[in-house]
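What follows is data-v6.txt (compact mmCIF, C-alpha atoms).
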# COMPACT_ATOMS: atom_id res chain seq x y z
CA MET X 1 230.03 -126.24 5.11
CA TYR X 2 231.37 -128.55 2.40
CA GLN X 3 227.96 -129.44 0.93
CA ASP X 4 227.89 -126.60 -1.62
CA TYR X 5 231.59 -126.97 -2.43
CA PHE X 6 231.11 -130.59 -3.52
CA GLY X 7 227.75 -129.88 -5.18
CA LEU X 8 225.79 -132.17 -2.85
CA SER X 9 222.04 -131.88 -2.39
CA GLU X 10 222.34 -132.90 1.28
CA MET X 11 224.91 -134.02 3.82
CA PRO X 12 225.83 -137.65 3.04
CA PHE X 13 227.16 -138.86 6.37
CA HIS X 14 224.68 -137.91 9.08
CA VAL X 15 224.98 -140.16 12.13
CA THR X 16 221.22 -140.07 12.78
CA PRO X 17 219.40 -143.18 11.50
CA ASN X 18 217.67 -142.46 8.19
CA PRO X 19 216.13 -145.48 6.44
CA ARG X 20 216.46 -143.70 3.08
CA PHE X 21 220.23 -143.98 3.42
CA LEU X 22 220.12 -147.63 4.51
CA PHE X 23 222.84 -149.63 2.79
CA LEU X 24 221.82 -153.27 2.64
CA SER X 25 225.09 -155.13 2.93
CA PRO X 26 224.72 -158.94 2.87
CA THR X 27 224.58 -159.03 6.68
CA HIS X 28 222.02 -156.19 6.86
CA GLU X 29 219.89 -157.77 4.13
CA GLU X 30 219.99 -161.10 5.95
CA ALA X 31 219.10 -159.43 9.24
CA LEU X 32 216.09 -157.73 7.63
CA GLN X 33 214.97 -161.03 6.12
CA HIS X 34 215.20 -162.68 9.56
CA LEU X 35 213.00 -159.95 11.04
CA ARG X 36 210.45 -160.29 8.24
CA TYR X 37 210.45 -164.08 8.56
CA GLY X 38 209.92 -163.98 12.32
CA ILE X 39 206.95 -161.65 11.93
CA GLU X 40 205.34 -163.41 8.97
CA GLU X 41 205.70 -166.85 10.56
CA LYS X 42 204.57 -165.54 13.96
CA LYS X 43 207.59 -166.87 15.85
CA GLY X 44 206.89 -164.81 18.97
CA PHE X 45 210.35 -163.65 20.05
CA ILE X 46 212.90 -162.25 17.59
CA VAL X 47 216.32 -161.02 18.73
CA LEU X 48 218.67 -158.76 16.74
CA THR X 49 222.06 -157.91 18.22
CA GLY X 50 225.08 -155.93 17.08
CA GLU X 51 227.75 -153.49 18.20
CA VAL X 52 226.93 -149.85 18.93
CA GLY X 53 226.50 -147.99 15.64
CA CYS X 54 226.24 -151.09 13.44
CA GLY X 55 222.86 -150.09 11.96
CA LYS X 56 220.26 -151.79 14.17
CA THR X 57 218.15 -148.65 14.61
CA THR X 58 218.23 -147.84 10.88
CA LEU X 59 217.09 -151.39 10.12
CA CYS X 60 214.35 -150.97 12.71
CA ARG X 61 213.11 -147.79 11.05
CA LYS X 62 213.15 -149.52 7.66
CA LEU X 63 211.12 -152.38 9.10
CA LEU X 64 208.69 -149.94 10.73
CA GLU X 65 208.14 -148.22 7.39
CA GLU X 66 207.21 -151.58 5.87
CA LEU X 67 204.94 -152.54 8.76
CA GLU X 68 203.18 -149.17 8.86
CA ALA X 69 202.48 -149.50 5.13
CA ASP X 70 200.56 -152.69 5.96
CA GLU X 71 197.01 -151.63 6.81
CA ASN X 72 196.49 -154.77 8.89
CA CYS X 73 199.48 -154.28 11.20
CA ASP X 74 199.79 -152.32 14.45
CA THR X 75 203.22 -151.53 15.90
CA ALA X 76 204.59 -150.41 19.24
CA LEU X 77 208.13 -149.02 19.47
CA LEU X 78 209.71 -148.68 22.92
CA LEU X 79 212.99 -146.73 23.00
CA ASN X 80 213.46 -146.61 26.77
CA PRO X 81 213.86 -150.11 28.21
CA ARG X 82 214.57 -148.93 31.77
CA VAL X 83 210.97 -149.36 32.86
CA SER X 84 208.97 -151.36 35.38
CA GLU X 85 206.58 -154.16 34.40
CA SER X 86 203.60 -151.80 34.73
CA GLN X 87 205.33 -149.11 32.67
CA LEU X 88 206.14 -151.68 30.00
CA LEU X 89 202.51 -152.77 29.69
CA SER X 90 201.22 -149.18 29.78
CA GLY X 91 203.76 -148.14 27.16
CA ILE X 92 202.79 -150.90 24.76
CA MET X 93 199.07 -150.25 25.13
CA LYS X 94 199.51 -146.51 24.61
CA GLU X 95 201.58 -147.18 21.48
CA LEU X 96 198.74 -149.40 20.24
CA GLY X 97 196.27 -146.57 20.79
CA SER X 98 194.50 -148.01 23.81
CA GLU X 99 193.42 -146.26 26.99
CA VAL X 100 195.27 -147.48 30.07
CA LYS X 101 193.27 -148.01 33.26
CA GLY X 102 195.10 -148.30 36.57
CA ARG X 103 198.67 -149.24 37.42
CA ASP X 104 198.43 -152.73 38.87
CA LYS X 105 200.48 -155.03 36.66
CA ASN X 106 198.02 -157.93 36.89
CA ASP X 107 195.12 -155.68 35.87
CA LEU X 108 197.26 -154.24 33.08
CA LEU X 109 198.13 -157.74 31.88
CA ASP X 110 194.42 -158.59 31.70
CA GLN X 111 193.79 -155.36 29.76
CA MET X 112 196.62 -156.24 27.39
CA HIS X 113 195.17 -159.71 26.81
CA ASP X 114 191.74 -158.28 26.04
CA LEU X 115 193.26 -155.66 23.72
CA LEU X 116 195.26 -158.25 21.79
CA LEU X 117 192.28 -160.60 21.42
CA GLU X 118 190.17 -157.72 20.14
CA LYS X 119 192.80 -156.79 17.55
CA ILE X 120 193.28 -160.41 16.45
CA GLU X 121 189.50 -160.74 15.98
CA GLN X 122 189.70 -157.64 13.75
CA GLY X 123 192.35 -159.38 11.65
CA ARG X 124 195.17 -157.21 12.97
CA GLU X 125 198.79 -158.26 13.51
CA ILE X 126 200.71 -156.73 16.42
CA VAL X 127 204.47 -156.18 16.50
CA VAL X 128 206.31 -154.78 19.53
CA ILE X 129 209.88 -153.53 19.01
CA ILE X 130 212.12 -152.79 22.01
CA ASP X 131 215.42 -150.99 21.41
CA GLU X 132 218.47 -151.19 23.71
CA ALA X 133 217.00 -154.40 25.10
CA GLN X 134 220.24 -155.27 26.93
CA ASN X 135 219.07 -152.76 29.57
CA LEU X 136 215.84 -154.62 30.37
CA SER X 137 215.59 -155.82 33.95
CA PHE X 138 215.01 -159.48 34.78
CA GLU X 139 211.50 -158.64 36.02
CA VAL X 140 210.55 -156.89 32.77
CA MET X 141 211.93 -159.78 30.72
CA GLU X 142 209.78 -162.13 32.76
CA MET X 143 206.78 -159.94 31.96
CA LEU X 144 207.67 -160.15 28.27
CA ARG X 145 207.82 -163.92 28.60
CA MET X 146 204.33 -163.87 30.11
CA LEU X 147 203.15 -161.72 27.19
CA SER X 148 204.56 -164.31 24.80
CA ASN X 149 202.30 -166.89 26.45
CA LEU X 150 199.24 -164.99 25.26
CA GLU X 151 198.04 -166.98 22.26
CA THR X 152 195.07 -168.55 20.54
CA TYR X 153 194.95 -172.21 19.50
CA ASP X 154 196.96 -171.54 16.36
CA GLN X 155 199.02 -168.36 16.79
CA LYS X 156 200.86 -165.98 19.10
CA LEU X 157 198.93 -162.79 19.82
CA LEU X 158 201.94 -160.57 19.25
CA GLN X 159 205.47 -160.65 17.90
CA ILE X 160 208.21 -159.15 20.07
CA ILE X 161 211.49 -157.91 18.56
CA LEU X 162 214.35 -157.25 20.97
CA MET X 163 217.22 -155.18 19.57
CA GLY X 164 220.37 -154.72 21.58
CA GLN X 165 224.11 -154.65 21.94
CA PRO X 166 226.17 -157.87 22.35
CA GLU X 167 225.53 -157.66 26.10
CA LEU X 168 222.00 -158.86 25.32
CA ASN X 169 223.45 -162.18 24.16
CA GLU X 170 225.30 -162.52 27.46
CA LYS X 171 222.16 -161.67 29.42
CA LEU X 172 220.17 -164.35 27.57
CA LYS X 173 222.75 -166.95 28.66
CA GLU X 174 221.90 -166.39 32.32
CA LYS X 175 220.44 -169.46 33.99
CA ARG X 176 217.44 -167.57 35.36
CA LEU X 177 216.47 -166.58 31.79
CA ARG X 178 216.57 -170.12 30.34
CA GLN X 179 212.77 -170.20 29.89
CA PHE X 180 212.92 -166.88 28.08
CA ARG X 181 215.84 -168.06 25.92
CA GLN X 182 213.91 -171.16 24.83
CA ARG X 183 211.21 -168.91 23.37
CA VAL X 184 213.62 -167.04 21.08
CA LEU X 185 213.13 -168.80 17.74
CA VAL X 186 214.75 -166.18 15.49
CA HIS X 187 218.13 -164.67 16.44
CA TYR X 188 220.56 -162.73 14.25
CA ASP X 189 223.90 -160.99 14.98
CA LEU X 190 224.83 -158.08 12.71
CA GLU X 191 228.41 -158.29 11.44
CA PRO X 192 230.69 -155.28 10.71
CA LEU X 193 231.22 -154.23 7.09
CA ASN X 194 234.32 -155.43 5.24
CA LEU X 195 236.59 -153.40 2.93
CA ASN X 196 234.56 -153.99 -0.23
CA GLU X 197 231.27 -153.29 1.53
CA ILE X 198 232.65 -150.05 3.02
CA HIS X 199 233.64 -148.88 -0.46
CA GLN X 200 230.08 -149.61 -1.66
CA TYR X 201 228.62 -147.99 1.47
CA ILE X 202 230.49 -144.72 0.87
CA PHE X 203 229.53 -144.66 -2.83
CA HIS X 204 225.89 -145.44 -1.91
CA ARG X 205 225.59 -142.53 0.51
CA LEU X 206 227.40 -140.09 -1.76
CA THR X 207 225.13 -141.04 -4.66
CA LEU X 208 221.98 -140.49 -2.58
CA ALA X 209 223.38 -137.10 -1.54
CA GLY X 210 223.71 -136.09 -5.19
CA SER X 211 227.42 -136.53 -5.97
CA ASN X 212 226.69 -138.28 -9.29
CA GLY X 213 230.06 -140.03 -9.10
CA ARG X 214 232.04 -136.76 -9.08
CA LEU X 215 233.31 -137.08 -5.52
CA GLN X 216 235.71 -139.97 -4.91
CA PHE X 217 237.55 -141.56 -1.99
CA THR X 218 240.93 -143.06 -2.96
CA LYS X 219 241.58 -146.76 -2.36
CA ARG X 220 244.12 -145.96 0.36
CA ALA X 221 241.57 -143.68 2.01
CA VAL X 222 238.95 -146.46 2.09
CA LYS X 223 241.49 -148.92 3.52
CA LEU X 224 242.30 -146.51 6.33
CA ILE X 225 238.59 -145.89 6.96
CA THR X 226 238.11 -149.66 7.21
CA LYS X 227 240.90 -149.96 9.76
CA GLY X 228 239.82 -146.92 11.78
CA SER X 229 236.10 -147.70 11.84
CA LEU X 230 236.31 -151.46 12.48
CA GLY X 231 233.50 -151.72 9.92
CA ILE X 232 230.93 -149.94 12.10
CA PRO X 233 228.65 -147.69 9.98
CA ARG X 234 228.33 -144.93 12.59
CA MET X 235 232.12 -144.68 12.83
CA ILE X 236 232.41 -144.74 9.03
CA ASN X 237 229.99 -141.78 8.87
CA ASN X 238 231.96 -139.84 11.47
CA ILE X 239 235.30 -140.45 9.74
CA CYS X 240 233.96 -139.67 6.25
CA ASP X 241 232.32 -136.46 7.44
CA LYS X 242 235.55 -135.14 8.95
CA ALA X 243 237.61 -136.36 5.99
CA LEU X 244 235.34 -134.44 3.59
CA LEU X 245 235.81 -131.34 5.73
CA SER X 246 239.58 -131.79 5.48
CA THR X 247 239.35 -132.13 1.69
CA PHE X 248 237.22 -128.98 1.52
CA ILE X 249 239.67 -126.97 3.65
CA ARG X 250 242.58 -127.82 1.33
CA ASN X 251 240.43 -127.15 -1.79
CA GLY X 252 240.79 -130.77 -2.92
CA ASN X 253 238.52 -132.72 -5.28
CA GLU X 254 238.93 -136.23 -3.83
CA VAL X 255 239.34 -137.63 -0.34
CA ASN X 256 242.80 -139.11 0.15
CA TRP X 257 244.70 -141.04 2.83
CA TRP X 258 245.91 -137.84 4.50
CA ASP X 259 242.36 -136.49 4.84
CA VAL X 260 241.26 -139.69 6.57
CA ARG X 261 244.36 -139.67 8.78
CA LYS X 262 243.52 -136.12 9.88
CA ALA X 263 239.92 -137.14 10.52
CA LEU X 264 241.02 -140.05 12.72
CA LYS X 265 243.38 -137.76 14.66
CA ASP X 266 240.53 -135.31 15.30
CA ILE X 267 238.22 -138.12 16.45
CA ASN X 268 240.85 -139.65 18.72
CA ARG X 269 241.57 -136.26 20.26
CA LEU X 270 237.87 -135.73 20.99
CA HIS X 271 237.59 -139.12 22.73
CA LYS X 272 240.65 -138.80 24.96
Just give me the structure as structure tokens.
Amino acid sequence: MYQDYFGLSEMPFHVTPNPRFLFLSPTHEEALQHLRYGIEEKKGFIVLTGEVGCGKTTLCRKLLEELEADENCDTALLLNPRVSESQLLSGIMKELGSEVKGRDKNDLLDQMHDLLLEKIEQGREIVVIIDEAQNLSFEVMEMLRMLSNLETYDQKLLQIILMGQPELNEKLKEKRLRQFRQRVLVHYDLEPLNLNEIHQYIFHRLTLAGSNGRLQFTKRAVKLITKGSLGIPRMINNICDKALLSTFIRNGNEVNWWDVRKALKDINRLHK
């Protein structure tokens, strides 16, 4: 609705994860470097945690783009963690392009081992990414631990990235998961954006959407966005989208404090 009014080539504040719009704040840049390091150094288990909407999935898609550009790397992305051990193994093998035979988890584990050895002999690297990992059952996490035991004399056969909400950190503290926890050698918590980073974030997305610096958010507007969003990118997108709509409705040319206030009222009313 407001896209043409502001002369934008596309909508700047979609809530769907698009790696093209990824804003690498210091914490997001550091998180991405941790992921790259864990994969390159073959650390086995890598854990990335952060609040809902903080940008984990967008980072994941950015990482996948990089990995898929590597001709020697195979990836498996699992978006539904509420699976059994057999479903986990079947899902990974299907993602890696392998035929799955049977449903017995021990047979599937043997098939997985053979598949990984075959790929390693071909010079391939294998990365498994599991989103919403806080929802994994204890049994499935034990199966992942068993997968991490698959190795040659000098390297792990696959790298496993677990991405999840802060509840994943609490789960990893459980006594029954102490063996699993000991295998996590790379762990990073995404932090919310601060006031200065939010200002850069908004400018970044507007620029990519074709504003060419014409569309501005006032300083007071950005301060209120910071307070209302708690620094969470998904919330920032939601607030900015509704604030731009408010500016459009009043035929304005910059987003002010009142537009953001109206946006926050609309959001709060929807969530009551």
Point (229.5, -156.1, 9.3), cut-off 9 Å, counting all atoms listed in the file, residues as a PyMOL selection string: chain X and resi 25-28+50+54+190-194+197+230-233
note - CA of Leu59 in chain X and CA of Phe13 in chain X are separated by 16.5 Å
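Straight-line separation from CA of Gly38 in chain X to CA of Arg176 in chain X: 24.5 Å.
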Which of these, X:Ile129, X:Leu32, X:Val186, X:Ile120, has the shortest distance to Glu151 in chain X once you count only C-alpha atoms? X:Ile120
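For the residues X:Asn72, X:Tyr188, X:Leu136, X:Arg61, ranking by smallest atom-to-atom distance to Gln33 in chain X using all atoms listed in the file places X:Tyr188 first.
Distances from X:Leu177, X:Ala31, X:Leu48, X:Val127 to Leu77 in chain X were compared using only C-alpha atoms, and the smallest one belongs to X:Val127.
Of note, CA of Ile236 in chain X and CA of Asp266 in chain X are spaced 13.9 Å apart.
You can rank X:Val52, X:Ile225, X:Leu147, X:Cys60 by their closest distance to Leu22 in chain X using all atoms listed in the file, and at the top of that list sits X:Cys60.
Closest approach to Gly55 in chain X among X:Lys119, X:Ile267, X:Gly213, X:Phe21 is made by X:Phe21 (distances from all atoms listed in the file).
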From the list X:Asn106, X:Ile160, X:Phe6, X:Asp259, the nearest residue to Thr75 in chain X using all atoms listed in the file is X:Ile160
Counting only C-alpha atoms, what is within 12 Å of Asp110 in chain X, bar same-chain residues fewer than 5 positions away, as a ChimeraX atom specification? /X:86,89-90,93,100-105,115-117,146-147,150
Taking only residues of range 17-110 of chain X that have an atom at most 12 Å from an atom of range 205-212 of chain X, what is each one's shortest atom pair and its distance in Å to one decimal, using all atoms listed in the file, in chain and number order, as a tab-separated table?
residue	atom	partner	partner_atom	distance
X:Asn18	CA	X:Arg205	CA	11.0
X:Pro19	CA	X:Arg205	CA	11.5
X:Arg20	CA	X:Leu208	CA	8.5
X:Phe21	CA	X:Arg205	CA	6.3
X:Leu22	CA	X:Arg205	CA	8.5
X:Phe23	CA	X:Arg205	CA	7.9
X:Leu24	CA	X:Arg205	CA	11.6
Which residues are close to Leu88 in chain X, i.e. within 9 Å by all atoms listed in the file, leaving aside same-chain residues fewer than 3 positions away? Reply as a PyMOL selection string. chain X and resi 78+81+83-85+91-93+140+143-144
For range 41-45 of chain X, work out the shell of residues within 12 Å, counting only C-alpha atoms and skipping chain neighbours fewer than 4 positions away, then give it as a PyMOL selection string. chain X and resi 33-37+125-130+141+144-152+154-163+180-188
Would you mind listing what lies within 10 Å of Met1 in chain X as a short mmCIF file (atom, residue, chain, number, x, y, z; two decimals) with C-alpha atoms, in the frame of the given file, with all atoms listed in the file counted and same-chain residues fewer than 6 positions away left out?
data_model
loop_
_atom_site.label_atom_id
_atom_site.label_comp_id
_atom_site.auth_asym_id
_atom_site.auth_seq_id
_atom_site.Cartn_x
_atom_site.Cartn_y
_atom_site.Cartn_z
CA MET X 11 224.91 -134.02 3.82
CA LEU X 244 235.34 -134.44 3.59
CA LEU X 245 235.81 -131.34 5.73
CA PHE X 248 237.22 -128.98 1.52
CA ILE X 249 239.67 -126.97 3.65
#
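Every protein or nucleic acid residue with an atom no more than 8 Å from His14 in chain X, counting all atoms listed in the file and leaving out same-chain residues fewer than 5 positions away, appears here: X:Asn237, X:Asn238, X:Asp241.
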